file data16.pdb (PDB, C-alpha atoms)
ATOM      1  CA  MET A   1     203.617 179.387 122.221
ATOM      2  CA  PHE A   2     202.509 175.876 123.090
ATOM      3  CA  PHE A   3     199.425 174.559 121.323
ATOM      4  CA  ILE A   4     197.325 171.432 121.445
ATOM      5  CA  LYS A   5     196.642 170.355 117.915
ATOM      6  CA  GLU A   6     195.076 167.558 115.924
ATOM      7  CA  LEU A   7     197.494 166.139 113.405
ATOM      8  CA  SER A   8     197.668 163.138 111.157
ATOM      9  CA  HIS A   9     200.466 160.804 110.247
ATOM     10  CA  THR A  10     200.700 158.079 107.639
ATOM     11  CA  ILE A  11     202.240 154.771 108.629
ATOM     12  CA  LEU A  12     203.205 152.086 106.131
ATOM     13  CA  LEU A  13     203.116 148.663 107.702
ATOM     14  CA  HIS A  14     204.930 145.633 106.359
ATOM     15  CA  PRO A  15     202.780 142.489 106.053
ATOM     16  CA  SER A  16     204.944 140.638 108.590
ATOM     17  CA  TYR A  17     203.369 142.786 111.316
ATOM     18  CA  PHE A  18     199.773 141.896 110.419
ATOM     19  CA  GLY A  19     198.524 139.959 113.412
ATOM     20  CA  PRO A  20     197.290 140.193 116.976
ATOM     21  CA  ARG A  21     199.837 142.735 118.179
ATOM     22  CA  MET A  22     199.443 145.020 115.209
ATOM     23  CA  LEU A  23     197.647 147.838 117.045
ATOM     24  CA  GLN A  24     200.266 148.045 119.755
ATOM     25  CA  TYR A  25     202.939 148.107 117.139
ATOM     26  CA  LEU A  26     201.171 150.918 115.269
ATOM     27  CA  GLU A  27     200.883 152.983 118.433
ATOM     28  CA  SER A  28     204.504 152.681 119.376
ATOM     29  CA  LYS A  29     205.489 153.355 115.790
ATOM     30  CA  LEU A  30     203.442 156.575 115.827
ATOM     31  CA  TYR A  31     205.078 157.751 119.044
ATOM     32  CA  ALA A  32     208.532 156.945 117.733
ATOM     33  CA  ASP A  33     207.898 158.583 114.364
ATOM     34  CA  VAL A  34     206.460 161.927 115.395
ATOM     35  CA  GLU A  35     207.597 162.825 118.919
ATOM     36  CA  GLY A  36     210.567 165.158 118.897
ATOM     37  CA  THR A  37     210.291 166.042 115.233
ATOM     38  CA  CYS A  38     210.027 169.526 113.838
ATOM     39  CA  SER A  39     208.351 170.819 110.718
ATOM     40  CA  GLY A  40     208.054 174.325 109.418
ATOM     41  CA  GLN A  41     204.296 174.092 109.230
ATOM     42  CA  PHE A  42     203.520 172.860 112.735
ATOM     43  CA  GLY A  43     206.667 173.632 114.693
ATOM     44  CA  TYR A  44     208.081 171.150 117.189
ATOM     45  CA  ILE A  45     205.911 168.132 118.035
ATOM     46  CA  ILE A  46     206.761 167.598 121.675
ATOM     47  CA  ALA A  47     204.494 164.806 122.827
ATOM     48  CA  VAL A  48     201.449 162.875 121.637
ATOM     49  CA  VAL A  49     198.613 163.328 124.121
ATOM     50  CA  SER A  50     196.081 160.919 122.682
ATOM     51  CA  ILE A  51     195.391 158.902 119.575
ATOM     52  CA  LEU A  52     192.030 159.791 118.081
ATOM     53  CA  ASP A  53     191.857 157.240 115.311
ATOM     54  CA  ILE A  54     194.439 154.705 114.304
ATOM     55  CA  GLY A  55     192.952 154.483 110.817
ATOM     56  CA  LYS A  56     191.739 151.711 108.586
ATOM     57  CA  GLY A  57     194.595 149.878 107.001
ATOM     58  CA  MET A  58     194.515 149.937 103.222
ATOM     59  CA  VAL A  59     196.667 147.345 101.545
ATOM     60  CA  LEU A  60     198.533 148.993  98.719
ATOM     61  CA  SER A  61     198.432 147.121  95.491
ATOM     62  CA  GLY A  62     201.858 146.125  94.299
ATOM     63  CA  SER A  63     203.812 146.212  97.525
ATOM     64  CA  GLY A  64     201.486 144.452  99.945
ATOM     65  CA  GLN A  65     202.123 147.043 102.623
ATOM     66  CA  ALA A  66     199.205 148.506 104.523
ATOM     67  CA  GLU A  67     198.752 152.234 104.798
ATOM     68  CA  PHE A  68     197.279 153.611 108.026
ATOM     69  CA  ILE A  69     196.347 157.269 108.269
ATOM     70  CA  THR A  70     196.335 157.936 111.999
ATOM     71  CA  ARG A  71     194.884 161.011 113.619
ATOM     72  CA  TYR A  72     196.270 162.075 116.965
ATOM     73  CA  ARG A  73     196.362 165.034 119.315
ATOM     74  CA  ALA A  74     199.727 166.441 120.286
ATOM     75  CA  ILE A  75     201.437 169.247 122.180
ATOM     76  CA  VAL A  76     203.273 171.386 119.652
ATOM     77  CA  PHE A  77     205.529 174.370 120.119
ATOM     78  CA  LYS A  78     205.741 177.051 117.471
ATOM     79  CA  PRO A  79     207.471 180.424 117.796
ATOM     80  CA  PHE A  80     205.959 183.479 116.131
ATOM     81  CA  LYS A  81     207.467 186.762 115.092
ATOM     82  CA  GLY A  82     206.509 189.473 117.577
ATOM     83  CA  GLU A  83     205.921 187.020 120.420
ATOM     84  CA  VAL A  84     207.469 187.729 123.842
ATOM     85  CA  VAL A  85     208.909 184.666 125.581
ATOM     86  CA  ASP A  86     211.068 183.810 128.568
ATOM     87  CA  GLY A  87     214.271 181.867 128.048
ATOM     88  CA  VAL A  88     217.453 180.653 129.704
ATOM     89  CA  VAL A  89     220.824 181.828 128.371
ATOM     90  CA  ASN A  90     222.966 178.891 127.343
ATOM     91  CA  ASN A  91     225.867 180.502 125.526
ATOM     92  CA  VAL A  92     227.416 183.959 125.416
ATOM     93  CA  ASN A  93     229.899 185.232 122.860
ATOM     94  CA  LYS A  94     231.180 188.469 121.404
ATOM     95  CA  MET A  95     228.278 188.774 119.008
ATOM     96  CA  GLY A  96     225.490 188.365 121.535
ATOM     97  CA  PHE A  97     223.965 185.381 123.276
ATOM     98  CA  PHE A  98     221.882 182.263 122.658
ATOM     99  CA  ALA A  99     218.855 181.550 124.807
ATOM    100  CA  ASP A 100     216.911 178.292 125.084
ATOM    101  CA  VAL A 101     213.155 178.627 124.821
ATOM    102  CA  GLY A 102     212.005 175.060 125.189
ATOM    103  CA  PRO A 103     213.259 173.125 122.163
ATOM    104  CA  LEU A 104     214.069 176.342 120.318
ATOM    105  CA  THR A 105     217.314 178.295 120.446
ATOM    106  CA  VAL A 106     217.010 182.052 119.978
ATOM    107  CA  PHE A 107     219.976 184.223 119.097
ATOM    108  CA  VAL A 108     220.033 187.749 120.476
ATOM    109  CA  SER A 109     222.621 190.010 118.918
ATOM    110  CA  HIS A 110     223.851 193.158 120.557
ATOM    111  CA  GLN A 111     224.967 194.642 117.255
ATOM    112  CA  VAL A 112     221.547 195.850 116.200
ATOM    113  CA  ARG A 113     220.712 198.995 118.049
ATOM    114  CA  HIS A 114     217.176 200.233 117.448
ATOM    115  CA  SER A 115     217.114 202.071 120.735
ATOM    116  CA  PRO A 116     220.068 202.911 122.957
ATOM    117  CA  LEU A 117     217.936 202.129 125.968
ATOM    118  CA  VAL A 118     219.547 198.855 126.885
ATOM    119  CA  SER A 119     222.537 198.493 124.651
ATOM    120  CA  ILE A 120     225.067 195.978 125.773
ATOM    121  CA  THR A 121     228.237 197.844 126.597
ATOM    122  CA  SER A 122     230.905 195.369 127.408
ATOM    123  CA  PHE A 123     231.927 191.817 126.901
ATOM    124  CA  ARG A 124     234.022 190.398 129.659
ATOM    125  CA  ILE A 125     234.941 187.287 131.493
ATOM    126  CA  THR A 126     233.696 187.536 135.035
ATOM    127  CA  ASN A 127     233.143 184.005 136.056
ATOM    128  CA  LEU A 128     235.469 181.152 135.269
ATOM    129  CA  PHE A 129     232.741 178.570 135.676
ATOM    130  CA  LEU A 130     230.021 180.274 133.746
ATOM    131  CA  GLY A 131     232.247 181.716 131.031
ATOM    132  CA  PRO A 132     231.888 185.112 129.427
ATOM    133  CA  SER A 133     229.109 187.528 130.252
ATOM    134  CA  LEU A 134     227.604 190.637 128.780
ATOM    135  CA  LEU A 135     226.869 193.842 130.633
ATOM    136  CA  THR A 136     223.943 196.040 129.690
ATOM    137  CA  ALA A 137     224.111 199.830 129.950
ATOM    138  CA  SER A 138     221.167 201.046 131.950
ATOM    139  CA  SER A 139     220.586 199.442 135.338
ATOM    140  CA  PRO A 140     223.562 197.087 135.110
ATOM    141  CA  GLN A 141     222.283 193.675 134.170
ATOM    142  CA  ILE A 142     224.747 190.876 133.751
ATOM    143  CA  ILE A 143     223.953 188.275 131.153
ATOM    144  CA  GLU A 144     225.801 184.996 131.528
ATOM    145  CA  LYS A 145     225.063 181.306 131.214
ATOM    146  CA  ASN A 146     221.820 180.314 133.005
ATOM    147  CA  THR A 147     220.541 183.885 133.305
ATOM    148  CA  LYS A 148     216.799 184.057 132.704
ATOM    149  CA  VAL A 149     215.815 186.621 130.106
ATOM    150  CA  ARG A 150     212.565 187.874 128.655
ATOM    151  CA  LEU A 151     212.949 188.473 124.943
ATOM    152  CA  LYS A 152     210.922 189.266 121.881
ATOM    153  CA  ILE A 153     211.212 187.116 118.780
ATOM    154  CA  VAL A 154     211.869 189.395 115.809
ATOM    155  CA  GLY A 155     212.262 186.789 113.123
ATOM    156  CA  THR A 156     212.152 183.077 112.445
ATOM    157  CA  ARG A 157     213.696 181.040 109.698
ATOM    158  CA  VAL A 158     212.096 177.721 109.004
ATOM    159  CA  ASP A 159     213.981 174.767 107.634
ATOM    160  CA  ALA A 160     212.521 171.392 106.781
ATOM    161  CA  THR A 161     213.689 169.965 110.084
ATOM    162  CA  GLU A 162     214.560 172.916 112.280
ATOM    163  CA  ILE A 163     213.465 176.411 113.271
ATOM    164  CA  PHE A 164     215.920 179.217 113.925
ATOM    165  CA  ALA A 165     214.901 182.426 115.630
ATOM    166  CA  ILE A 166     216.485 185.747 116.418
ATOM    167  CA  GLY A 167     215.321 187.948 119.225
ATOM    168  CA  THR A 168     215.864 191.263 120.920
ATOM    169  CA  ILE A 169     215.921 192.484 124.508
ATOM    170  CA  LYS A 170     216.103 196.150 123.587
ATOM    171  CA  GLU A 171     212.570 197.181 124.381
ATOM    172  CA  ASP A 172     210.635 198.174 127.453
ATOM    173  CA  HIS A 173     209.963 195.359 129.914
ATOM    174  CA  LEU A 174     212.412 192.997 128.222
ATOM    175  CA  GLY A 175     215.759 191.867 129.560
ATOM    176  CA  VAL A 176     216.982 189.967 132.592
ATOM    177  CA  ILE A 177     214.280 188.587 134.875
ATOM    178  CA  ASP A 178     214.718 186.982 138.274
TER
ATOM    179  CA  MET B   1     192.045 186.387  74.465
ATOM    180  CA  THR B   2     194.911 185.916  76.815
ATOM    181  CA  THR B   3     194.214 184.278  80.082
ATOM    182  CA  ARG B   4     195.622 186.201  82.953
ATOM    183  CA  LEU B   5     197.593 184.361  85.544
ATOM    184  CA  LYS B   6     195.710 184.131  88.777
ATOM    185  CA  PRO B   7     197.539 185.973  91.537
ATOM    186  CA  ARG B   8     199.249 183.376  93.627
ATOM    187  CA  SER B   9     197.452 182.905  96.903
ATOM    188  CA  GLN B  10     199.624 184.888  99.190
ATOM    189  CA  VAL B  11     200.999 183.181 102.254
ATOM    190  CA  GLU B  12     199.753 185.071 105.267
ATOM    191  CA  ASP B  13     202.538 186.866 107.051
ATOM    192  CA  GLU B  14     202.850 185.632 110.615
ATOM    193  CA  ASP B  15     202.983 188.306 113.259
ATOM    194  CA  ALA B  16     202.027 187.575 116.854
ATOM    195  CA  SER B  17     201.775 191.267 117.762
ATOM    196  CA  ALA B  18     198.880 191.568 115.304
ATOM    197  CA  LEU B  19     197.500 188.121 116.253
ATOM    198  CA  LYS B  20     198.296 186.649 112.842
ATOM    199  CA  LEU B  21     199.413 183.118 113.505
ATOM    200  CA  GLY B  22     198.966 181.622 110.059
ATOM    201  CA  ALA B  23     196.193 179.379 108.756
ATOM    202  CA  GLU B  24     197.149 176.379 110.884
ATOM    203  CA  PHE B  25     197.250 178.131 114.225
ATOM    204  CA  ASN B  26     194.690 180.950 114.106
ATOM    205  CA  ASN B  27     192.066 178.740 115.717
ATOM    206  CA  ALA B  28     194.273 176.251 117.521
ATOM    207  CA  GLY B  29     194.009 175.811 121.272
ATOM    208  CA  CYS B  30     196.832 177.497 123.167
ATOM    209  CA  LEU B  31     198.313 175.874 126.249
ATOM    210  CA  LEU B  32     199.717 177.623 129.297
ATOM    211  CA  ILE B  33     203.232 176.599 130.294
ATOM    212  CA  SER B  34     201.735 175.290 133.544
ATOM    213  CA  GLU B  35     199.352 173.057 131.596
ATOM    214  CA  VAL B  36     202.154 171.703 129.424
ATOM    215  CA  LYS B  37     204.041 170.869 132.600
ATOM    216  CA  TYR B  38     201.049 168.989 133.982
ATOM    217  CA  LEU B  39     200.507 167.083 130.721
ATOM    218  CA  LEU B  40     204.153 166.078 130.407
ATOM    219  CA  GLU B  41     204.493 165.017 134.025
ATOM    220  CA  ASN B  42     201.292 162.974 134.045
ATOM    221  CA  ARG B  43     201.730 160.925 130.918
ATOM    222  CA  ASP B  44     200.614 157.344 131.290
ATOM    223  CA  LYS B  45     203.353 156.016 129.073
ATOM    224  CA  GLU B  46     207.065 156.430 129.607
ATOM    225  CA  ALA B  47     208.735 159.624 128.468
ATOM    226  CA  PRO B  48     210.447 159.547 125.098
ATOM    227  CA  ASP B  49     214.154 160.232 125.280
ATOM    228  CA  THR B  50     214.393 162.965 122.658
ATOM    229  CA  ALA B  51     216.293 166.229 122.944
ATOM    230  CA  VAL B  52     213.122 168.177 122.125
ATOM    231  CA  TYR B  53     211.181 166.466 124.926
ATOM    232  CA  ASN B  54     213.874 166.855 127.562
ATOM    233  CA  LYS B  55     214.572 170.509 126.788
ATOM    234  CA  THR B  56     210.862 171.285 126.875
ATOM    235  CA  LEU B  57     210.401 169.520 130.198
ATOM    236  CA  GLU B  58     213.248 171.503 131.706
ATOM    237  CA  TYR B  59     211.861 174.723 130.251
ATOM    238  CA  VAL B  60     208.326 174.234 131.563
ATOM    239  CA  LYS B  61     209.654 173.310 135.004
ATOM    240  CA  THR B  62     211.625 176.554 135.074
ATOM    241  CA  PHE B  63     208.896 178.868 133.834
ATOM    242  CA  ALA B  64     205.605 177.356 135.021
ATOM    243  CA  LYS B  65     203.929 180.114 137.011
ATOM    244  CA  PHE B  66     201.167 177.994 138.548
ATOM    245  CA  ASN B  67     202.088 174.644 140.020
ATOM    246  CA  THR B  68     198.657 173.116 140.493
ATOM    247  CA  THR B  69     195.984 172.411 137.913
ATOM    248  CA  ASP B  70     193.502 174.197 140.160
ATOM    249  CA  SER B  71     195.343 177.490 140.054
ATOM    250  CA  ALA B  72     195.947 177.190 136.309
ATOM    251  CA  SER B  73     192.269 176.632 135.608
ATOM    252  CA  ALA B  74     191.328 179.435 138.009
ATOM    253  CA  VAL B  75     193.477 181.780 135.937
ATOM    254  CA  ARG B  76     191.764 180.629 132.753
ATOM    255  CA  GLU B  77     188.402 181.180 134.415
ATOM    256  CA  THR B  78     189.380 184.720 135.416
ATOM    257  CA  LEU B  79     190.588 185.608 131.944
ATOM    258  CA  ARG B  80     187.458 184.173 130.353
ATOM    259  CA  ARG B  81     185.486 187.003 131.962
ATOM    260  CA  GLU B  82     187.059 189.392 129.462
ATOM    261  CA  PRO B  83     185.415 188.309 126.181
ATOM    262  CA  ALA B  84     187.727 190.363 123.967
ATOM    263  CA  LEU B  85     190.727 188.192 124.785
ATOM    264  CA  THR B  86     191.772 185.542 122.258
ATOM    265  CA  GLN B  87     193.289 182.188 123.186
ATOM    266  CA  PHE B  88     196.730 183.467 122.337
ATOM    267  CA  GLU B  89     196.412 186.561 124.531
ATOM    268  CA  THR B  90     195.015 184.536 127.425
ATOM    269  CA  ALA B  91     197.987 182.190 127.303
ATOM    270  CA  GLN B  92     200.494 185.026 126.955
ATOM    271  CA  ILE B  93     199.072 186.871 129.980
ATOM    272  CA  ALA B  94     199.170 183.710 132.090
ATOM    273  CA  ASN B  95     202.674 182.776 130.907
ATOM    274  CA  LEU B  96     204.294 186.163 131.337
ATOM    275  CA  CYS B  97     202.257 187.411 134.327
ATOM    276  CA  PRO B  98     202.775 191.143 133.666
ATOM    277  CA  ALA B  99     202.392 193.277 136.789
ATOM    278  CA  ASP B 100     200.522 196.259 135.346
ATOM    279  CA  SER B 101     198.513 197.107 132.262
ATOM    280  CA  ASP B 102     201.358 199.182 130.872
ATOM    281  CA  GLU B 103     203.728 196.207 130.908
ATOM    282  CA  ALA B 104     201.024 193.914 129.563
ATOM    283  CA  LYS B 105     200.368 196.155 126.568
ATOM    284  CA  SER B 106     204.058 196.454 125.868
ATOM    285  CA  VAL B 107     204.766 192.698 125.840
ATOM    286  CA  ILE B 108     201.450 191.767 124.195
ATOM    287  CA  PRO B 109     200.753 194.672 121.776
ATOM    288  CA  SER B 110     197.371 193.338 120.635
ATOM    289  CA  LEU B 111     195.960 194.129 124.104
ATOM    290  CA  VAL B 112     195.471 197.800 123.139
ATOM    291  CA  LYS B 113     191.810 196.987 122.543
ATOM    292  CA  VAL B 114     191.262 196.261 126.249
ATOM    293  CA  ASP B 115     190.471 199.074 128.656
ATOM    294  CA  ASP B 116     193.343 199.875 131.055
ATOM    295  CA  ASP B 117     191.327 199.636 134.253
ATOM    296  CA  ARG B 118     189.671 196.351 133.380
ATOM    297  CA  LEU B 119     192.989 194.856 132.354
ATOM    298  CA  GLN B 120     194.576 196.051 135.570
ATOM    299  CA  THR B 121     191.855 194.369 137.643
ATOM    300  CA  LEU B 122     192.465 191.068 135.837
ATOM    301  CA  LEU B 123     196.237 191.334 136.285
ATOM    302  CA  ASP B 124     195.887 192.107 139.978
ATOM    303  CA  GLU B 125     193.683 189.067 140.455
ATOM    304  CA  ILE B 126     196.211 186.853 138.701
ATOM    305  CA  GLN B 127     199.048 188.220 140.810
ATOM    306  CA  THR B 128     197.052 187.430 143.943
ATOM    307  CA  MET B 129     196.371 183.889 142.742
ATOM    308  CA  ARG B 130     200.046 183.406 142.054
ATOM    309  CA  ARG B 131     200.985 184.582 145.503
ATOM    310  CA  PHE B 132     198.476 182.446 147.349
ATOM    311  CA  GLN B 133     198.658 179.164 145.471
ATOM    312  CA  SER B 134     199.385 176.268 147.729
TER
END

call {"tool": "encode", "arguments": {"input": "data16.pdb", "output": "structure tokens"}}
result
Amino acid sequence: MFFIKELSHTILLHPSYFGPRMLQYLESKLYADVEGTCSGQFGYIIAVVSILDIGKGMVLSGSGQAEFITRYRAIVFKPFKGEVVDGVVNNVNKMGFFADVGPLTVFVSHQVRHSPLVSITSFRITNLFLGPSLLTASSPQIIEKNTKVRLKIVGTRVDATEIFAIGTIKEDHLGVID
Amino acid sequence: MTTRLKPRSQVEDEDASALKLGAEFNNAGCLLISEVKYLLENRDKEAPDTAVYNKTLEYVKTFAKFNTTDSASAVRETLRREPALTQFETAQIANLCPADSDEAKSVIPSLVKVDDDRLQTLLDEIQTMRRFQS
């Protein structure tokens, strides 16, 4: 799910930047520091929408650097367990497939079989350009690179700098979409 | 007297099917994919060249269901009529565009609280908006 969220970021500024262009420098530093990063707490920070408050610079005793606590509003993306999302398949192998959901990659295994409804029956190479594909049992659906799928996230693992997710397509209304 | 250890404040288990999004996101504003697309495409400063940004842009272009801001806000307006819906459910309905109430309740389990007929009316309206957007 995409969210709009208020966040804050601390910037340490070296005294050589104190001067007329300091604010511009702070802004570009904020964009460069936070956009494209990922934290377990907030998920992926995709883009800064607006800066709410650049902060009052406090000169730290000892080092002479100024500390700015900036508040900004950003678009963040965070996956949740139990959430249904659409994705694009980017890689298929014997174990299952990987789907891209925005910045996140979700692995869907065909080993786990909670319900035999849509179990993947065969692994084969149908298309030389797209590589291997998977075939599902009921109502033959072919899963290969660039197929759009609707999947449910069943678990996420959060690292300091990355989020991993596993998903399933073995439920009603999930699977290949056009 | 021995002092008992305070039970450690338990981290809330996140589960979107029960609308538990964790302390940080329970009250955060959800965005529709179509709105993210609009925000990313209409930035006043140049786009950052990060993998996260580029993959997201590609994703929202692929899956945006409403291509104008008018239709996206019309959908929000429609879904606001049902007061029981949370931000998260509103965004999920608009992102996934389920065709009937059965499908909607299966992909968004927390919708069980909404009456079938009322949900169906909302879904039909959204389908119509999708079909007739310019």

call {"tool": "residues_around", "arguments": {"input": "data16.pdb", "residues": "range 76-91 of chain B", "least_positions_apart": "2", "cutoff": "10 Å", "atoms": "only C-alpha atoms", "output": "VMD selection string"}}
result
(chain A and resid 1 to 3) or (chain B and resid 16 to 17 19 21 25 to 33 70 to 74 93 to 97 108 to 111 113 to 114 118 to 119 122 to 123 125 to 126)

call {"tool": "resolve_selection", "arguments": {"input": "data16.pdb", "expression": "the PyMOL selection byres ((chain A and resi 13-19) around 6)", "output": "PyMOL selection string"}}
result
chain A and resi 12+20-22+65-66

call {"tool": "closest_atom_pairs", "arguments": {"input": "data16.pdb", "of": "chain A", "to": "chain B", "cutoff": "9 Å", "atoms": "only C-alpha atoms", "output": "CSV"}}
result
residue,atom,partner,partner_atom,distance
A:Met1,CA,B:Cys30,CA,7.1
A:Phe2,CA,B:Leu31,CA,5.3
A:Phe3,CA,B:Cys30,CA,4.3
A:Ile4,CA,B:Gly29,CA,5.5
A:Lys5,CA,B:Ala28,CA,6.4
A:Glu6,CA,B:Ala28,CA,8.9
A:Tyr31,CA,B:Pro48,CA,8.3
A:Ala32,CA,B:Pro48,CA,8.0
A:Glu35,CA,B:Pro48,CA,7.6
A:Gly36,CA,B:Val52,CA,5.1
A:Thr37,CA,B:Val52,CA,7.8
A:Cys38,CA,B:Val52,CA,8.9
A:Gln41,CA,B:Glu24,CA,7.7
A:Phe42,CA,B:Glu24,CA,7.5
A:Tyr44,CA,B:Val52,CA,7.7
A:Ile45,CA,B:Val52,CA,8.3
A:Ile46,CA,B:Tyr53,CA,5.6
A:Ala47,CA,B:Tyr53,CA,7.2
A:Val49,CA,B:Leu39,CA,7.8
A:Ile75,CA,B:Val36,CA,7.7
A:Phe80,CA,B:Ala16,CA,5.7
A:Lys81,CA,B:Asp15,CA,5.1
A:Gly82,CA,B:Ala16,CA,4.9
A:Glu83,CA,B:Ala16,CA,5.3
A:Val84,CA,B:Val107,CA,6.0
A:Val85,CA,B:Leu96,CA,7.5
A:Asp86,CA,B:Phe63,CA,7.5
A:Gly87,CA,B:Tyr59,CA,7.9
A:Val88,CA,B:Tyr59,CA,8.2
A:Asp100,CA,B:Tyr59,CA,8.1
A:Val101,CA,B:Tyr59,CA,6.8
A:Gly102,CA,B:Thr56,CA,4.3
A:Pro103,CA,B:Val52,CA,5.0
A:Leu104,CA,B:Val52,CA,8.4
A:Arg150,CA,B:Leu96,CA,8.9
A:Lys152,CA,B:Val107,CA,8.1
A:Glu171,CA,B:Ser106,CA,8.7
A:Asp172,CA,B:Ser106,CA,7.0
A:His173,CA,B:Glu103,CA,6.4
A:Leu174,CA,B:Val107,CA,8.0

call {"tool": "axis_aligned_box", "arguments": {"input": "data16.pdb", "around": "range 84-90 of chain B", "padding_each_side": "4 Å", "output": "lines of an AutoDock Vina configuration file"}}
result
center_x = 192.2
center_y = 186.3
center_z = 124.8
size_x = 17.0
size_y = 16.2
size_z = 13.2

call {"tool": "atom_distance", "arguments": {"input": "data16.pdb", "atom1": "CA of Leu30 in chain A", "atom2": "CA of Ser8 in chain A"}}
result
9.9 Å

call {"tool": "atom_distance", "arguments": {"input": "data16.pdb", "atom1": "CA of Val59 in chain A", "atom2": "CA of Ile11 in chain A"}}
result
11.7 Å

call {"tool": "residues_near_point", "arguments": {"input": "data16.pdb", "point": "(218.6, 182.5, 113.4)", "cutoff": "12 Å", "atoms": "all atoms listed in the file", "output": "PDB file with C-alpha atoms, in the frame of the given file"}}
result
ATOM      1  CA  PHE A  97     223.965 185.381 123.276  1.00  0.00           C
ATOM      2  CA  PHE A  98     221.882 182.263 122.658  1.00  0.00           C
ATOM      3  CA  ALA A  99     218.855 181.550 124.807  1.00  0.00           C
ATOM      4  CA  LEU A 104     214.069 176.342 120.318  1.00  0.00           C
ATOM      5  CA  THR A 105     217.314 178.295 120.446  1.00  0.00           C
ATOM      6  CA  VAL A 106     217.010 182.052 119.978  1.00  0.00           C
ATOM      7  CA  PHE A 107     219.976 184.223 119.097  1.00  0.00           C
ATOM      8  CA  VAL A 108     220.033 187.749 120.476  1.00  0.00           C
ATOM      9  CA  SER A 109     222.621 190.010 118.918  1.00  0.00           C
ATOM     10  CA  ILE A 153     211.212 187.116 118.780  1.00  0.00           C
ATOM     11  CA  VAL A 154     211.869 189.395 115.809  1.00  0.00           C
ATOM     12  CA  GLY A 155     212.262 186.789 113.123  1.00  0.00           C
ATOM     13  CA  THR A 156     212.152 183.077 112.445  1.00  0.00           C
ATOM     14  CA  ARG A 157     213.696 181.040 109.698  1.00  0.00           C
ATOM     15  CA  VAL A 158     212.096 177.721 109.004  1.00  0.00           C
ATOM     16  CA  ASP A 159     213.981 174.767 107.634  1.00  0.00           C
ATOM     17  CA  GLU A 162     214.560 172.916 112.280  1.00  0.00           C
ATOM     18  CA  ILE A 163     213.465 176.411 113.271  1.00  0.00           C
ATOM     19  CA  PHE A 164     215.920 179.217 113.925  1.00  0.00           C
ATOM     20  CA  ALA A 165     214.901 182.426 115.630  1.00  0.00           C
ATOM     21  CA  ILE A 166     216.485 185.747 116.418  1.00  0.00           C
ATOM     22  CA  GLY A 167     215.321 187.948 119.225  1.00  0.00           C
ATOM     23  CA  THR A 168     215.864 191.263 120.920  1.00  0.00           C
TER      24      THR A 168
END

call {"tool": "atom_distance", "arguments": {"input": "data16.pdb", "atom1": "CA of Gly43 in chain A", "atom2": "CA of Lys78 in chain A"}}
result
4.5 Å

call {"tool": "resolve_selection", "arguments": {"input": "data16.pdb", "expression": "the PyMOL selection byres ((chain B and resi 131) around 12)", "output": "list in words"}}
result
Lys65, Phe66, Asn67, Ser71, Cys97, Asp124, Glu125, Ile126, Gln127, Thr128, Met129, Arg130, Phe132, Gln133 and Ser134 of chain B
